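Step one of this worksheet: look at the structure below.
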Amino acid sequence: MHKNRMTLLILAAMVLGSLLGGVAHAFFPDIATQQMIAGDLSIGSTVFLRLIKMILAPLIFSTLVVGIGHMSDAAAVGRIGGKAMLWFVCASLLSLTLGLVLVNIFQPGVGMHKVNMMTDTHLSVHSLTLDGFIQHMVPDSIFRAMADNEVLQIVVFSIFFGIACASLPAKAKVVLEWAESLSHIILRVTSYVMMIAPLAVFCAMAATVTTNGFSILSIYGKFMGEFYLALAILWAALIGIAFTFLGKQATKLISLMREPFLLAFSTASSEAAYPLILEQLTKLPVSRKVSSFVLPLGYSFNLDGTMMYCTFASIFIAQAYDIALPWSTQITMLLVLMLTSKGMAGIPRASSVVIVATLGQFNIPEEGILLILGIDTFLDMGRSATNVIGNSLAAAVIDKWETQRRPPLSP
């Protein structure tokens, strides 16, 4: 009952927030006033997202250390990690390829006839260089990584720490018990934070529509409609894969992910849904050892919605500038995106940064990103929700592989 009530509250908050935003946009046509109202309204969603970020570092650290520390040997860590990375690479290729094919079928940018004006996009692509990626991945201080919520750096440290605990079972017993207690406490804190999720959703939707109005949806309707249709096809593909690997359990997984999906969609933040995904997966059930290991990796390497958006948006911008790209060039672009996108976790406006870096390599005007920055929040809703589906599916499938593997090992 509680689950259904929360789902209804989040849906109601989305609708009411949009309506309030539309009214505010209509009654206060002055842009400065709209921005002031939106700023006041967004306080609720800002508080919620800050609370989520507050618990993210200790939650990832404690659950990952416990998950790895309780594995009997380093081989188990390597095995699960290897399966996870194989899954992530295949899922990324599926998402990128689907985005590439569908944008060529829909051709949302054809007919715009934009002219290159060489406008500065003010987006830094340093993080996507090899040096930038290494700095972004390897922490020089775990405390700084936790303070800045650098997910990938926290994951790297936690893996080393967890493996060390697994190799010293007697000496690490107290540390693992502490980490397990910490994870339970942080999950309880998470349940308290989630109580204000509907309010955060209401504020986020109201603030967004107040500044942009409903008209922005019609102006960019074609691009948004076709992108969401592409996402729906990706959702169908992922659900089909879920039924292939999980059978009847896939139905339960879909039901359990309804709340995290709506939360990520309405707040346009995958991070906001992370603790809830972790909690819901235990009800499937998925072993905490697997979910606490696979999910943080997924947040760094398995962003299915963002993958699709990168190819979809890049080709859309080329179409808008009447730049014809042969299939060989588009496939090369897909492979470039496959690599550059793996360093996205934690980068502000990550997908936009990746797209700008890619456009420059293929002589497509980088200013083209400005065509879609105005509606990026609406697009990010779909991307974030898709990432929830992809990562929860990855954790569930890898856990099933592990459970199927265990019986032969029993005496």
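The way I read the labels, and the way they are meant: chains A, B, ... in the order of the structure tokens, residue 1 as the first residue of every chain, and ligand 1 as the first ligand shown, with later ones counted on from there.
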
For Leu56 in chain A, please output as a list in words all residues within 8 Å (counting only C-alpha atoms; exclusion window: fewer than 4 positions along the same chain).
Ile52, Ile60, Asn149, Glu271 and Pro275 of chain A

Would you save the residues of that selection, restricted to C-alpha atoms, as a PDB file, in the first residue's frame?
```
ATOM      1  CA  ILE A  52      20.613  12.799  -1.410  1.00  0.00           C
ATOM      2  CA  ILE A  60      28.355   3.817  -1.748  1.00  0.00           C
ATOM      3  CA  ASN A 149      30.779  13.314  -4.426  1.00  0.00           C
ATOM      4  CA  GLU A 271      21.542  10.156  -8.182  1.00  0.00           C
ATOM      5  CA  PRO A 275      19.338   4.750  -2.624  1.00  0.00           C
TER       6      PRO A 275
END
```

Exercise: Gly360 in chain A partners within 12 Å, only C-alpha atoms, chain neighbours under 2 positions left out, as a count of residues only:
22

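For range 278-283 of chain A, the residues within 9 Å (counting only C-alpha atoms, excluding itself and residues fewer than 2 positions away along the chain) are Leu187, Leu253, Leu256, Met257, Pro260, Ala273, Tyr274, Pro275, Leu276, Pro285, Val286, Ser287, Arg288, Ser291, Ser292, Leu295, Ser392, Ala395 and Ala396 of chain A.
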
Now that the selection is made, can you save its residues with N, CA and C atoms as a PDB file, in the first residue's frame?
```pdb
ATOM      1  N   LEU A 187      20.911   3.726   5.190  1.00  0.00           N
ATOM      2  CA  LEU A 187      19.676   3.340   4.500  1.00  0.00           C
ATOM      3  C   LEU A 187      18.439   3.822   5.274  1.00  0.00           C
ATOM      4  N   LEU A 253      10.501  -7.024 -11.086  1.00  0.00           N
ATOM      5  CA  LEU A 253      11.531  -5.984 -11.189  1.00  0.00           C
ATOM      6  C   LEU A 253      10.944  -4.689 -11.730  1.00  0.00           C
ATOM      7  N   LEU A 256       8.900  -3.036  -9.022  1.00  0.00           N
ATOM      8  CA  LEU A 256       9.731  -2.460  -7.972  1.00  0.00           C
ATOM      9  C   LEU A 256      10.441  -1.180  -8.421  1.00  0.00           C
ATOM     10  N   MET A 257      10.732  -1.084  -9.716  1.00  0.00           N
ATOM     11  CA  MET A 257      11.479   0.076 -10.223  1.00  0.00           C
ATOM     12  C   MET A 257      10.574   1.251 -10.598  1.00  0.00           C
ATOM     13  N   PRO A 260      11.541   4.407  -8.262  1.00  0.00           N
ATOM     14  CA  PRO A 260      12.820   5.012  -8.651  1.00  0.00           C
ATOM     15  C   PRO A 260      12.768   5.645 -10.038  1.00  0.00           C
ATOM     16  N   ALA A 273      17.650   8.733  -7.330  1.00  0.00           N
ATOM     17  CA  ALA A 273      16.996   7.428  -7.243  1.00  0.00           C
ATOM     18  C   ALA A 273      17.915   6.324  -6.736  1.00  0.00           C
ATOM     19  N   TYR A 274      19.209   6.601  -6.627  1.00  0.00           N
ATOM     20  CA  TYR A 274      20.177   5.544  -6.277  1.00  0.00           C
ATOM     21  C   TYR A 274      19.825   4.796  -4.992  1.00  0.00           C
ATOM     22  N   PRO A 275      19.628   5.492  -3.863  1.00  0.00           N
ATOM     23  CA  PRO A 275      19.338   4.750  -2.624  1.00  0.00           C
ATOM     24  C   PRO A 275      18.063   3.917  -2.720  1.00  0.00           C
ATOM     25  N   LEU A 276      17.065   4.443  -3.423  1.00  0.00           N
ATOM     26  CA  LEU A 276      15.799   3.733  -3.564  1.00  0.00           C
ATOM     27  C   LEU A 276      15.958   2.491  -4.438  1.00  0.00           C
ATOM     28  N   PRO A 285      14.472 -10.943  -4.773  1.00  0.00           N
ATOM     29  CA  PRO A 285      15.594 -10.264  -4.124  1.00  0.00           C
ATOM     30  C   PRO A 285      16.865 -10.333  -4.957  1.00  0.00           C
ATOM     31  N   VAL A 286      17.702  -9.296  -4.821  1.00  0.00           N
ATOM     32  CA  VAL A 286      19.057  -9.288  -5.369  1.00  0.00           C
ATOM     33  C   VAL A 286      20.007  -9.212  -4.183  1.00  0.00           C
ATOM     34  N   SER A 287      21.040 -10.046  -4.192  1.00  0.00           N
ATOM     35  CA  SER A 287      22.018 -10.055  -3.107  1.00  0.00           C
ATOM     36  C   SER A 287      22.639  -8.671  -2.933  1.00  0.00           C
ATOM     37  N   ARG A 288      22.714  -8.205  -1.689  1.00  0.00           N
ATOM     38  CA  ARG A 288      23.314  -6.898  -1.413  1.00  0.00           C
ATOM     39  C   ARG A 288      24.774  -6.874  -1.867  1.00  0.00           C
ATOM     40  N   SER A 291      24.383  -6.096  -5.691  1.00  0.00           N
ATOM     41  CA  SER A 291      23.808  -4.780  -6.009  1.00  0.00           C
ATOM     42  C   SER A 291      24.705  -3.639  -5.539  1.00  0.00           C
ATOM     43  N   SER A 292      25.340  -3.795  -4.361  1.00  0.00           N
ATOM     44  CA  SER A 292      26.187  -2.719  -3.847  1.00  0.00           C
ATOM     45  C   SER A 292      27.501  -2.618  -4.609  1.00  0.00           C
ATOM     46  N   LEU A 295      25.812  -1.562  -8.882  1.00  0.00           N
ATOM     47  CA  LEU A 295      25.166  -0.257  -9.057  1.00  0.00           C
ATOM     48  C   LEU A 295      26.141   0.916  -9.124  1.00  0.00           C
ATOM     49  N   SER A 392      19.323  -1.184 -12.842  1.00  0.00           N
ATOM     50  CA  SER A 392      18.608  -2.176 -12.029  1.00  0.00           C
ATOM     51  C   SER A 392      18.566  -3.518 -12.762  1.00  0.00           C
ATOM     52  N   ALA A 395      22.049  -5.214 -12.449  1.00  0.00           N
ATOM     53  CA  ALA A 395      22.252  -5.826 -11.126  1.00  0.00           C
ATOM     54  C   ALA A 395      21.460  -7.124 -10.984  1.00  0.00           C
ATOM     55  N   ALA A 396      20.197  -7.118 -11.462  1.00  0.00           N
ATOM     56  CA  ALA A 396      19.342  -8.301 -11.336  1.00  0.00           C
ATOM     57  C   ALA A 396      19.872  -9.470 -12.161  1.00  0.00           C
TER      58      ALA A 396
END
```

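Taking only C-alpha atoms into account, Gly221 in chain A lies nearest to A:Ile372 out of the set A:Leu263, A:Ile372, A:Ala24, A:Ala320.
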
Would you kindly return, as JSON, numbers by chain, each protein, DNA or RNA residue with an atom no farther than 8 Å from any atom of Gly21 in chain A, considering only C-alpha atoms and excluding same-chain residues fewer than 4 positions away?
{"A": [17, 25, 205, 206, 207, 208, 209, 210, 211, 213]}

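Taking CA of Gly109 in chain A and CA of Ala313 in chain A as endpoints, the distance between them is 9.3 Å.
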
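A straight line drawn from CA of Pro296 in chain A to CA of Phe61 in chain A is 9.5 Å long.
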
Within 12 Å of range 178-183 of chain A using only C-alpha atoms, minus same-chain residues under 6 positions, as a ChimeraX atom specification:
/A:55-70,158,161-162,165,172,189-190,275,278-279,288-289,292
